[in-house]
Amino acid sequence: METLTATKSKSKKKKTERIHGCEAVVRCLLEEGVDLMYGYPGGAIMPVYDELYKYQDQLQHVLVRHEEGATHAAQGYARASGRVGVCIATSGPGATNLVTGIADAMIDSTPMVCITGQVPKHLLGSDAFQETDIIGITMPVTKWNYQITKASEIPEIFAKAFFIAKSGRPGPVLIDITKNAQFDELDFDYTPCTKLDSYVPRPPVKEEKVKEAAELINNAKRPYILFGQGVILSQAEEELKQLVEKTGIPAAWTIMGLSAMPTNHPLNVGMLGMHGNYGPNVLTNECDVLIAIGMRFDDRVTGNLAKYAKQAKVIHIEIDPAEIDKNVKTEVAILGDAKEAMTALLPHLKKNSHKKWHQKFKDCDKEEYEKVIKGETEPTDGELTMGEVIRDLNDLTNGDAIIVTDVGQHQMIACRYAHFNKTKSNITSGGLGTMGFCLPAAIGAKMGAPDRDVIAVIGDGGFQMTIQELGVILQTGVNVKILILNNEFLGMVRQWQQLFFDKRYASTEMVNPDFQLLAQAYGIKAQRVSERDQLGTALKNMMEHDGSFLLEVMVGKENNVFPMVPSGAGVADIRLE
Amino acid sequence: MKKTFTLSVFTANKAGLLHRVTTGFTRRKINIESLTVSESEIPNIHRYTIVVHLEEENVKRLVVALEKQIEVHKAFYHGEEDVVYQEIALYKIPSGVIVHGGLAEKIVRQHGARMLAAEPKFTVIEKTGHAEEIEALFKELEPFNILEFTRSGRVAITKPMRELREYLEELEMAAAN
């Protein structure tokens with residue numbers, strides 16, 4: 001009793017400390033458990049960098065080579081670790097260079113806090129050197145943003161920023177701090193934020209909705225689950241597994257939901273969307289109850305909405321009320337956290353196996369294997385294919401590695417064919433489709449999950465968009481395997497030009513530098529292969545090498561990714577060739 | 001089918017929020033017909049009254065997207081039948097017209113307008129009403145040389161009886177859950 005009272009009175013008299021705003025910034029980050037951040041210094045953020053120097057034992061700062069790299073590294077870190085990614089930049093160009101990564105984190109619901117320096121308050125609006133209205137610029141692509149102009153605001157705003165970034169449907173938050181607020185003093189006292197007026201991050205799951213959903217599912221003849229990243233964000237992988245195993249419902253994933261369920265799980269029927277698997281797409285239009293869990297019916301998943309699952313009753317489990325009925329009209333919406341919703345749903349569900357229905361998926365798989373997969377992953381002659389590279393890689397990773405991808409053909413192939421046993425293993429730019437995402441995100445992913453192998457599977461185009469981040473590998477020694485699938489084209493655009501623009505290859509052919517030489521310049525061991533009989537050994541060398549490694553695989557220049565739902569077509573009109 | 005809707009958006013009283021609210025319209029290329037920002041019946045909660053001409057389906061989506069913003073507490077949309085609304089307009093015309101034309105009585109009697117200020121050179125007439133009524137007076141005055149004209153956005157009170165306070169309490173309970 002005595003001790004309790006003692007602690008209580010102690011906490012009441014919580015002492016504040018007189019410190020500078022710049023130190024308060026670092027102290028706030030430490031209070032939030034941040035021990036790693038990515039950034040690039042410059043004039044308006046120098047006072048904070050001076051404090052980062054003093055606190056370097058507790059808070060590691062990774063110097064990227066371009067601010068966009070800081071955002072993608074923070075995203076990769078967040079996605080691999082489940083923690084909030086943090087990045088920092090100066091005002092003006094430093095701040096505007098963050099915008100692409102912020103937009104990417106927004107559309108892919110990645111928790112991230114970005115800190116930018118700003119010109120002193122008295123110069124705001126004066127077109128001062130390196131002044132830009134980053135609050136105005138980032139307003140549409142942040143979950144929240146705020147400009148601090150007084151040192152005393154720092155603790156409260158940082159607490160709020162972290163709470164907003166990670167709670168509910170996560171997203172990026174930007175804090176802009178004027179230079180005077182960094183220099184001025186404040187009485188520092190930190191209290192984490194746990195609630196905000198009218199903000200309901202996790203809407204309570206309504207029992208009656210759960211019962212309505214359960215009834216639909218129990219009476220369904222051909223129920224079908226689609227799951228997305230919401231399952232990973234709410235750590236509901238186990239609940240999803242229990243749900244599908246109890247009900248025997250086939251489950252397909254969006255690329256953001258990939259790895260939430262092991263690849264080899266018998267009820268995992270594959271990938272949705274434009275380049276997804278055949279069965280998961282066509283059978284969307286044959287199911288009677290469609291159960292969407294933590295996904296948002298993106299147009300790349302649905303194709304033409306007028307031809308999407310019109311026959312089905314739709315159940316949508318979703319944390320963000322703005323997603324309900326946005327694209328697809330629901331019969332029953334369970335608003336809330338996916339884990340909570342599935343936990344509530346499970347006891348109401350009846351055991352089932354849906355054998356006949358599964359057979360339909362198997363029949364589709366067989367057709368897809370014959371027409372697409374066999375040729376893509378098991379070719380015996382001709383040029384190397386991206387699919388066989390991923391197949392051979394699977395043999396070496398056993399599905400345990402984190403695969404980070406960029407955007408384009410290689411991304412679709414990697415998502416289609418890579419094997420995953422563990423969650424948080426597929427890191428890609430899903431919603432925004434940001435080329436240049438992969439290399440810095442892979443660096444961040446390795447730092448966020450240091451015990452895991454991280455492979456950056458990347459195209460020759462996207463690699464050159466953020467190629468300067470090889471400097472981070474050089475400087476930090478972080479161990480990232482870079483696997484370039486080089487077709488000397490901007491492959492996906494070229495594929496569209498071939499199919500829809502009569503092969504007019506406008507600005508898609510790439511004359512590339514010698515990637516091996518480039519890697520060597522950064523102290524990274526490298527190899528190039530173009531022969532089938534060397535591929536296995538080369539991949540093995542890459543994986544077994546102690547440290548970063550760049551492997552460039554020359555693949556067929558004009559190979560296409562199939563199946564494909566042409567834009568404007570319905571999911572059932574997916575083309576196998 | 002496009003219809004006129006009045007949005008009531010209740011927000012925290014913070015700098016920059018107007019921008020956050022309007023980006024919801026900009027990114028969907030929705031034109032704001034009128035916008036009025038004021039205090040509400042609850043201290044520190046601001047009320048945006050926004051008029052749009054839109055399909056109901058799109059208004060619904062817009063309102064949930066606005067409500068999703070952190071410092072937007074609550075957003076509603078109402079059809080014309082569900083709001084009592086008013087606009088205010090000021091007209092500046094040469095005083096000579098009023099004095100010599102016998103216009104003053106007509107304006108006051110027929111349009112329910114009033115004289116707000118009378119100076120030797122100009123007179124300011126105030127008219128509150130719906131857009132069409134303000135338009136009608138404008139047409140009436142037009143031949144007499146309108147020197148200046150300004151009109152406010154719509155202010156509106158909704159007919160449903162549920163108070164904002166109750167909605168906010170409901171959110172508070174959901175958040176505490």
# chains A, B, ... in the order shown; residues from 1 in each chain; ligands from 1

call {"tool": "residues_around", "arguments": {"residues": "region 87-90 of chain B", "least_positions_apart": "3", "cutoff": "12 Å", "atoms": "only C-alpha atoms", "output": "ChimeraX atom specification"}}
result
/B:34-36,49,51,84,93,113-117,123-138,141,146-156

call {"tool": "select_by_dssp", "arguments": {"residues": "chain B", "states": "helix (DSSP H, G or I)", "output": "ChimeraX atom specification"}}
result
/B:17-26,56-67,80-82,95-101,103-111,131-144,164-176

call {"tool": "select_by_dssp", "arguments": {"residues": "region 16-71 of chain B", "states": "strand (DSSP E)", "output": "list in words"}}
result
Ser34, Leu35, Thr36, Val37, Ser38, Glu39, Ile45, His46, Arg47, Tyr48, Thr49, Ile50, Val51, Val52, His53, Leu54 and Glu55 of chain B

call {"tool": "write_last_selection", "arguments": {"atoms": "N, CA and C atoms", "output": "compact mmCIF listing (two decimals), in the first residue's frame"}}
result
# COMPACT_ATOMS: atom_id res chain seq x y z
N SER B 34 -21.36 27.13 -52.41
CA SER B 34 -21.14 28.18 -51.41
C SER B 34 -20.58 27.56 -50.15
N LEU B 35 -19.88 28.39 -49.39
CA LEU B 35 -19.19 27.90 -48.19
C LEU B 35 -19.23 28.98 -47.12
N THR B 36 -19.71 28.63 -45.95
CA THR B 36 -19.74 29.57 -44.84
C THR B 36 -19.15 28.89 -43.62
N VAL B 37 -18.24 29.56 -42.95
CA VAL B 37 -17.65 28.98 -41.75
C VAL B 37 -18.01 29.86 -40.57
N SER B 38 -18.47 29.23 -39.51
CA SER B 38 -18.83 30.02 -38.33
C SER B 38 -18.67 29.18 -37.07
N GLU B 39 -18.95 29.79 -35.94
CA GLU B 39 -18.99 29.02 -34.71
C GLU B 39 -20.26 28.18 -34.71
N ILE B 45 -16.15 24.41 -31.42
CA ILE B 45 -16.49 23.58 -32.57
C ILE B 45 -17.01 24.49 -33.67
N HIS B 46 -16.35 24.42 -34.81
CA HIS B 46 -16.74 25.25 -35.93
C HIS B 46 -17.69 24.51 -36.86
N ARG B 47 -18.53 25.31 -37.51
CA ARG B 47 -19.49 24.71 -38.41
C ARG B 47 -19.25 25.22 -39.83
N TYR B 48 -19.06 24.28 -40.75
CA TYR B 48 -18.94 24.62 -42.16
C TYR B 48 -20.27 24.30 -42.81
N THR B 49 -20.86 25.29 -43.46
CA THR B 49 -22.08 25.02 -44.21
C THR B 49 -21.69 25.09 -45.68
N ILE B 50 -21.80 23.97 -46.34
CA ILE B 50 -21.30 23.88 -47.73
C ILE B 50 -22.43 23.42 -48.64
N VAL B 51 -22.63 24.14 -49.72
CA VAL B 51 -23.67 23.75 -50.66
C VAL B 51 -23.01 23.14 -51.90
N VAL B 52 -23.50 21.96 -52.29
CA VAL B 52 -22.98 21.30 -53.49
C VAL B 52 -24.14 20.84 -54.36
N HIS B 53 -23.84 20.67 -55.62
CA HIS B 53 -24.82 20.15 -56.56
C HIS B 53 -24.27 18.83 -57.07
N LEU B 54 -24.87 17.72 -56.61
CA LEU B 54 -24.21 16.42 -56.79
C LEU B 54 -25.22 15.28 -56.74
N GLU B 55 -24.79 14.11 -57.21
CA GLU B 55 -25.62 12.92 -57.05
C GLU B 55 -25.55 12.50 -55.58

call {"tool": "residues_around", "arguments": {"residues": "region 88-92 of chain A", "least_positions_apart": "5", "cutoff": "6 Å", "atoms": "only C-alpha atoms", "output": "list in words"}}
result
Gly39, Tyr40, Pro41, Gly42, Ala44, Ile45, Cys114, Ile115, Thr116, Gly117, Gln118, Gln130, Glu131 and Thr132 of chain A

call {"tool": "write_last_selection", "arguments": {"atoms": "N, CA and C atoms", "output": "PDB file, in the first residue's frame"}}
result
ATOM      1  N   GLY A  39      16.947   9.900 -42.720  1.00  0.00           N
ATOM      2  CA  GLY A  39      16.805  11.303 -43.044  1.00  0.00           C
ATOM      3  C   GLY A  39      17.985  11.896 -43.775  1.00  0.00           C
ATOM      4  N   TYR A  40      17.875  13.198 -43.949  1.00  0.00           N
ATOM      5  CA  TYR A  40      18.889  13.954 -44.695  1.00  0.00           C
ATOM      6  C   TYR A  40      18.908  15.358 -44.102  1.00  0.00           C
ATOM      7  N   PRO A  41      20.076  15.831 -43.649  1.00  0.00           N
ATOM      8  CA  PRO A  41      20.094  17.132 -42.966  1.00  0.00           C
ATOM      9  C   PRO A  41      20.035  18.313 -43.934  1.00  0.00           C
ATOM     10  N   GLY A  42      19.818  19.482 -43.380  1.00  0.00           N
ATOM     11  CA  GLY A  42      19.793  20.715 -44.160  1.00  0.00           C
ATOM     12  C   GLY A  42      19.529  21.873 -43.209  1.00  0.00           C
ATOM     13  N   ALA A  44      17.290  24.147 -42.236  1.00  0.00           N
ATOM     14  CA  ALA A  44      16.189  24.413 -41.311  1.00  0.00           C
ATOM     15  C   ALA A  44      15.995  23.329 -40.258  1.00  0.00           C
ATOM     16  N   ILE A  45      16.732  22.220 -40.370  1.00  0.00           N
ATOM     17  CA  ILE A  45      16.554  21.140 -39.386  1.00  0.00           C
ATOM     18  C   ILE A  45      17.858  20.901 -38.604  1.00  0.00           C
ATOM     19  N   CYS A 114       6.775  11.777 -40.274  1.00  0.00           N
ATOM     20  CA  CYS A 114       7.795  12.531 -41.010  1.00  0.00           C
ATOM     21  C   CYS A 114       7.981  13.870 -40.312  1.00  0.00           C
ATOM     22  N   ILE A 115       9.242  14.230 -40.124  1.00  0.00           N
ATOM     23  CA  ILE A 115       9.541  15.503 -39.473  1.00  0.00           C
ATOM     24  C   ILE A 115      10.254  16.381 -40.498  1.00  0.00           C
ATOM     25  N   THR A 116       9.772  17.607 -40.659  1.00  0.00           N
ATOM     26  CA  THR A 116      10.472  18.512 -41.567  1.00  0.00           C
ATOM     27  C   THR A 116      10.824  19.801 -40.833  1.00  0.00           C
ATOM     28  N   GLY A 117      11.982  20.362 -41.170  1.00  0.00           N
ATOM     29  CA  GLY A 117      12.351  21.682 -40.655  1.00  0.00           C
ATOM     30  C   GLY A 117      11.594  22.728 -41.460  1.00  0.00           C
ATOM     31  N   GLN A 118      11.470  23.899 -40.889  1.00  0.00           N
ATOM     32  CA  GLN A 118      10.792  24.992 -41.594  1.00  0.00           C
ATOM     33  C   GLN A 118      11.523  26.294 -41.253  1.00  0.00           C
ATOM     34  N   GLN A 130      14.579  28.285 -49.140  1.00  0.00           N
ATOM     35  CA  GLN A 130      14.107  26.926 -48.837  1.00  0.00           C
ATOM     36  C   GLN A 130      12.792  26.916 -48.053  1.00  0.00           C
ATOM     37  N   GLU A 131      11.949  27.912 -48.312  1.00  0.00           N
ATOM     38  CA  GLU A 131      10.627  27.872 -47.702  1.00  0.00           C
ATOM     39  C   GLU A 131       9.637  27.248 -48.677  1.00  0.00           C
ATOM     40  N   THR A 132       8.855  26.316 -48.201  1.00  0.00           N
ATOM     41  CA  THR A 132       7.758  25.803 -49.006  1.00  0.00           C
ATOM     42  C   THR A 132       6.609  25.450 -48.072  1.00  0.00           C
TER      43      THR A 132
END

call {"tool": "closest_residue", "arguments": {"among": "A:Tyr369, A:Phe129, A:Phe297, A:Tyr199", "to": "chain B", "atoms": "only C-alpha atoms"}}
result
A:Tyr199

call {"tool": "interface_residues", "arguments": {"of": "chain B", "to": "chain A", "cutoff": "6 Å", "atoms": "only C-alpha atoms", "output": "list in words"}}
result
Val64, Ala65, His73, Leu171 and Ala175 of chain B

call {"tool": "residues_around", "arguments": {"residues": "Glu56 (chain B)", "least_positions_apart": "5", "cutoff": "10 Å", "atoms": "only C-alpha atoms", "output": "compact mmCIF listing (two decimals) with N, CA and C atoms, in the first residue's frame"}}
result
# COMPACT_ATOMS: atom_id res chain seq x y z
N MET B 1 -28.90 11.32 -60.58
CA MET B 1 -29.41 12.67 -60.81
C MET B 1 -28.79 13.65 -59.81
N LYS B 2 -28.34 14.78 -60.33
CA LYS B 2 -27.73 15.77 -59.44
C LYS B 2 -28.81 16.56 -58.71
N LYS B 3 -28.56 16.82 -57.44
CA LYS B 3 -29.48 17.61 -56.63
C LYS B 3 -28.67 18.56 -55.75
N THR B 4 -29.35 19.52 -55.17
CA THR B 4 -28.64 20.42 -54.27
C THR B 4 -28.65 19.85 -52.86
N PHE B 5 -27.48 19.81 -52.26
CA PHE B 5 -27.36 19.32 -50.88
C PHE B 5 -26.62 20.35 -50.03
N ARG B 61 -20.45 9.52 -50.19
CA ARG B 61 -19.02 9.19 -50.15
C ARG B 61 -18.20 10.37 -49.67
N LEU B 62 -18.58 11.56 -50.13
CA LEU B 62 -17.85 12.77 -49.75
C LEU B 62 -17.95 13.00 -48.25
N TYR B 77 -25.19 15.48 -44.43
CA TYR B 77 -25.70 16.14 -45.62
C TYR B 77 -27.22 16.14 -45.58
N HIS B 78 -27.79 17.19 -46.16
CA HIS B 78 -29.24 17.33 -46.12
C HIS B 78 -29.77 17.78 -47.46
N GLY B 79 -30.93 17.25 -47.85
CA GLY B 79 -31.62 17.72 -49.05
C GLY B 79 -32.30 19.04 -48.74

call {"tool": "residues_around", "arguments": {"residues": "Val478 (chain A)", "least_positions_apart": "5", "cutoff": "9 Å", "atoms": "only C-alpha atoms", "output": "VMD selection string"}}
result
chain A and resid 443 446 to 447 450 472 to 473 547 to 548

call {"tool": "write_last_selection", "arguments": {"atoms": "N, CA and C atoms", "output": "mmCIF file, in the first residue's frame"}}
result
data_model
loop_
_atom_site.group_PDB
_atom_site.id
_atom_site.type_symbol
_atom_site.label_atom_id
_atom_site.label_comp_id
_atom_site.auth_asym_id
_atom_site.auth_seq_id
_atom_site.Cartn_x
_atom_site.Cartn_y
_atom_site.Cartn_z
ATOM 1 N N ILE A 443 16.148 -1.860 -47.613
ATOM 2 C CA ILE A 443 17.105 -1.439 -46.577
ATOM 3 C C ILE A 443 16.363 -1.267 -45.249
ATOM 4 N N LYS A 446 15.217 -4.677 -43.762
ATOM 5 C CA LYS A 446 16.294 -5.437 -43.101
ATOM 6 C C LYS A 446 16.580 -4.853 -41.717
ATOM 7 N N MET A 447 16.538 -3.517 -41.622
ATOM 8 C CA MET A 447 16.796 -2.886 -40.326
ATOM 9 C C MET A 447 15.626 -3.126 -39.355
ATOM 10 N N PRO A 450 16.082 -7.521 -38.532
ATOM 11 C CA PRO A 450 17.483 -7.848 -38.811
ATOM 12 C C PRO A 450 17.776 -9.349 -38.865
ATOM 13 N N VAL A 472 23.709 3.871 -48.919
ATOM 14 C CA VAL A 472 23.338 3.492 -47.537
ATOM 15 C C VAL A 472 23.900 2.116 -47.212
ATOM 16 N N ILE A 473 23.850 1.229 -48.222
ATOM 17 C CA ILE A 473 24.422 -0.111 -48.015
ATOM 18 C C ILE A 473 25.912 0.010 -47.752
ATOM 19 N N GLY A 547 26.883 -10.783 -46.573
ATOM 20 C CA GLY A 547 26.763 -9.348 -46.842
ATOM 21 C C GLY A 547 25.891 -9.103 -48.056
ATOM 22 N N SER A 548 25.770 -7.839 -48.401
ATOM 23 C CA SER A 548 24.928 -7.489 -49.546
ATOM 24 C C SER A 548 25.491 -8.084 -50.825
#

call {"tool": "residues_around", "arguments": {"residues": "Thr385 (chain A)", "least_positions_apart": "6", "cutoff": "7 Å", "atoms": "only C-alpha atoms", "output": "ChimeraX atom specification"}}
result
/A:376,555-556

call {"tool": "residues_around", "arguments": {"residues": "region 392-395 of chain A", "least_positions_apart": "2", "cutoff": "10 Å", "atoms": "only C-alpha atoms", "output": "PDB file with N, CA and C atoms, in the first residue's frame"}}
result
ATOM      1  N   THR A 377       7.373 -20.777 -65.206  1.00  0.00           N
ATOM      2  CA  THR A 377       8.275 -21.192 -64.119  1.00  0.00           C
ATOM      3  C   THR A 377       9.134 -22.410 -64.454  1.00  0.00           C
ATOM      4  N   GLU A 378       8.799 -23.142 -65.516  1.00  0.00           N
ATOM      5  CA  GLU A 378       9.584 -24.343 -65.822  1.00  0.00           C
ATOM      6  C   GLU A 378      10.006 -24.399 -67.285  1.00  0.00           C
ATOM      7  N   GLY A 387       9.715 -15.850 -63.876  1.00  0.00           N
ATOM      8  CA  GLY A 387       9.083 -16.869 -63.047  1.00  0.00           C
ATOM      9  C   GLY A 387      10.036 -17.948 -62.591  1.00  0.00           C
ATOM     10  N   GLU A 388      10.942 -18.383 -63.476  1.00  0.00           N
ATOM     11  CA  GLU A 388      11.860 -19.447 -63.051  1.00  0.00           C
ATOM     12  C   GLU A 388      12.882 -18.925 -62.046  1.00  0.00           C
ATOM     13  N   VAL A 389      13.192 -17.633 -62.135  1.00  0.00           N
ATOM     14  CA  VAL A 389      14.116 -17.050 -61.154  1.00  0.00           C
ATOM     15  C   VAL A 389      13.475 -17.116 -59.760  1.00  0.00           C
ATOM     16  N   ILE A 390      12.200 -16.720 -59.696  1.00  0.00           N
ATOM     17  CA  ILE A 390      11.502 -16.741 -58.406  1.00  0.00           C
ATOM     18  C   ILE A 390      11.350 -18.190 -57.914  1.00  0.00           C
ATOM     19  N   THR A 397      15.094 -19.944 -50.241  1.00  0.00           N
ATOM     20  CA  THR A 397      14.550 -19.241 -49.066  1.00  0.00           C
ATOM     21  C   THR A 397      13.636 -20.149 -48.248  1.00  0.00           C
ATOM     22  N   ASN A 398      13.134 -21.203 -48.875  1.00  0.00           N
ATOM     23  CA  ASN A 398      12.108 -22.053 -48.257  1.00  0.00           C
ATOM     24  C   ASN A 398      10.906 -21.251 -47.789  1.00  0.00           C
ATOM     25  N   GLY A 399      10.725 -20.097 -48.371  1.00  0.00           N
ATOM     26  CA  GLY A 399       9.575 -19.276 -48.010  1.00  0.00           C
ATOM     27  C   GLY A 399       9.770 -18.453 -46.752  1.00  0.00           C
ATOM     28  N   ASP A 400      10.993 -18.436 -46.234  1.00  0.00           N
ATOM     29  CA  ASP A 400      11.208 -17.728 -44.964  1.00  0.00           C
ATOM     30  C   ASP A 400      11.714 -16.298 -45.123  1.00  0.00           C
ATOM     31  N   ALA A 401      12.067 -15.881 -46.337  1.00  0.00           N
ATOM     32  CA  ALA A 401      12.660 -14.549 -46.516  1.00  0.00           C
ATOM     33  C   ALA A 401      11.596 -13.466 -46.669  1.00  0.00           C
ATOM     34  N   TYR A 417       4.506 -15.850 -57.688  1.00  0.00           N
ATOM     35  CA  TYR A 417       5.239 -17.109 -57.533  1.00  0.00           C
ATOM     36  C   TYR A 417       6.086 -17.242 -56.263  1.00  0.00           C
ATOM     37  N   ALA A 418       6.351 -16.146 -55.555  1.00  0.00           N
ATOM     38  CA  ALA A 418       7.184 -16.288 -54.353  1.00  0.00           C
ATOM     39  C   ALA A 418       6.415 -17.038 -53.272  1.00  0.00           C
ATOM     40  N   HIS A 419       7.138 -17.836 -52.510  1.00  0.00           N
ATOM     41  CA  HIS A 419       6.520 -18.596 -51.412  1.00  0.00           C
ATOM     42  C   HIS A 419       6.732 -17.878 -50.087  1.00  0.00           C
ATOM     43  N   PHE A 420       5.700 -17.884 -49.271  1.00  0.00           N
ATOM     44  CA  PHE A 420       5.799 -17.234 -47.959  1.00  0.00           C
ATOM     45  C   PHE A 420       5.254 -18.149 -46.874  1.00  0.00           C
ATOM     46  N   ILE A 455      15.318  -9.832 -49.552  1.00  0.00           N
ATOM     47  CA  ILE A 455      15.687  -9.841 -50.961  1.00  0.00           C
ATOM     48  C   ILE A 455      14.895  -8.757 -51.687  1.00  0.00           C
ATOM     49  N   LEU A 483      18.193  -8.445 -56.327  1.00  0.00           N
ATOM     50  CA  LEU A 483      18.008  -9.332 -57.466  1.00  0.00           C
ATOM     51  C   LEU A 483      17.342  -8.548 -58.587  1.00  0.00           C
ATOM     52  N   LEU A 535      21.921 -20.235 -63.348  1.00  0.00           N
ATOM     53  CA  LEU A 535      21.003 -19.478 -62.498  1.00  0.00           C
ATOM     54  C   LEU A 535      20.988 -19.973 -61.042  1.00  0.00           C
ATOM     55  N   GLY A 536      20.841 -21.281 -60.869  1.00  0.00           N
ATOM     56  CA  GLY A 536      20.741 -21.850 -59.523  1.00  0.00           C
ATOM     57  C   GLY A 536      21.953 -21.520 -58.677  1.00  0.00           C
ATOM     58  N   THR A 537      23.139 -21.710 -59.267  1.00  0.00           N
ATOM     59  CA  THR A 537      24.381 -21.455 -58.537  1.00  0.00           C
ATOM     60  C   THR A 537      24.501 -19.978 -58.196  1.00  0.00           C
ATOM     61  N   LEU A 539      22.129 -17.779 -57.742  1.00  0.00           N
ATOM     62  CA  LEU A 539      21.213 -17.432 -56.649  1.00  0.00           C
ATOM     63  C   LEU A 539      21.755 -17.944 -55.316  1.00  0.00           C
ATOM     64  N   LYS A 540      22.354 -19.140 -55.369  1.00  0.00           N
ATOM     65  CA  LYS A 540      22.914 -19.717 -54.150  1.00  0.00           C
ATOM     66  C   LYS A 540      24.067 -18.852 -53.646  1.00  0.00           C
ATOM     67  N   MET A 543      22.630 -15.794 -51.942  1.00  0.00           N
ATOM     68  CA  MET A 543      22.046 -16.030 -50.620  1.00  0.00           C
ATOM     69  C   MET A 543      23.107 -16.398 -49.587  1.00  0.00           C
TER      70      MET A 543
END

call {"tool": "atom_distance", "arguments": {"atom1": "CA of Ala214 (chain A)", "atom2": "CA of Ser167 (chain A)"}}
result
27.3 Å

call {"tool": "atom_distance", "arguments": {"atom1": "CA of Leu474 (chain A)", "atom2": "CA of Phe437 (chain A)"}}
result
18.6 Å

call {"tool": "decode", "arguments": {"residues": "region 73-111 of chain A", "atoms": "C-alpha atoms", "output": "JSON list (two decimals), in the first residue's frame"}}
result
[["chain", "number", "residue", "atom", "x", "y", "z"],
["A", 73, "ALA", "CA", 13.12, 3.06, -45.96],
["A", 74, "ALA", "CA", 10.80, 4.15, -43.13],
["A", 75, "GLN", "CA", 7.94, 2.34, -44.91],
["A", 76, "GLY", "CA", 10.00, -0.83, -45.33],
["A", 77, "TYR", "CA", 10.98, -0.64, -41.67],
["A", 78, "ALA", "CA", 7.37, -0.17, -40.60],
["A", 79, "ARG", "CA", 6.01, -2.96, -42.78],
["A", 80, "ALA", "CA", 8.66, -5.49, -41.67],
["A", 81, "SER", "CA", 8.57, -4.61, -37.96],
["A", 82, "GLY", "CA", 4.98, -3.48, -37.40],
["A", 83, "ARG", "CA", 6.34, -0.33, -35.74],
["A", 84, "VAL", "CA", 6.05, 3.31, -36.78],
["A", 85, "GLY", "CA", 8.63, 4.35, -39.40],
["A", 86, "VAL", "CA", 10.27, 7.72, -38.83],
["A", 87, "CYS", "CA", 11.99, 10.02, -41.30],
["A", 88, "ILE", "CA", 13.33, 13.54, -41.16],
["A", 89, "ALA", "CA", 14.28, 16.19, -43.71],
["A", 90, "THR", "CA", 14.90, 19.87, -44.02],
["A", 91, "SER", "CA", 12.53, 22.50, -45.38],
["A", 92, "GLY", "CA", 11.87, 23.29, -49.05],
["A", 93, "PRO", "CA", 13.26, 20.62, -51.39],
["A", 94, "GLY", "CA", 14.00, 18.30, -48.49],
["A", 95, "ALA", "CA", 10.35, 18.38, -47.55],
["A", 96, "THR", "CA", 8.95, 18.17, -51.09],
["A", 97, "ASN", "CA", 11.14, 15.14, -51.80],
["A", 98, "LEU", "CA", 9.21, 13.28, -49.12],
["A", 99, "VAL", "CA", 5.88, 13.69, -50.86],
["A", 100, "THR", "CA", 5.94, 10.54, -53.03],
["A", 101, "GLY", "CA", 6.73, 8.31, -50.07],
["A", 102, "ILE", "CA", 4.08, 9.99, -47.95],
["A", 103, "ALA", "CA", 1.46, 9.45, -50.66],
["A", 104, "ASP", "CA", 2.60, 5.82, -50.92],
["A", 105, "ALA", "CA", 2.27, 5.31, -47.15],
["A", 106, "MET", "CA", -1.15, 6.96, -47.21],
["A", 107, "ILE", "CA", -2.64, 4.72, -49.85],
["A", 108, "ASP", "CA", -1.00, 1.60, -48.39],
["A", 109, "SER", "CA", -1.92, 2.49, -44.77],
["A", 110, "THR", "CA", 1.63, 2.47, -43.43],
["A", 111, "PRO", "CA", 2.30, 4.08, -40.04]]
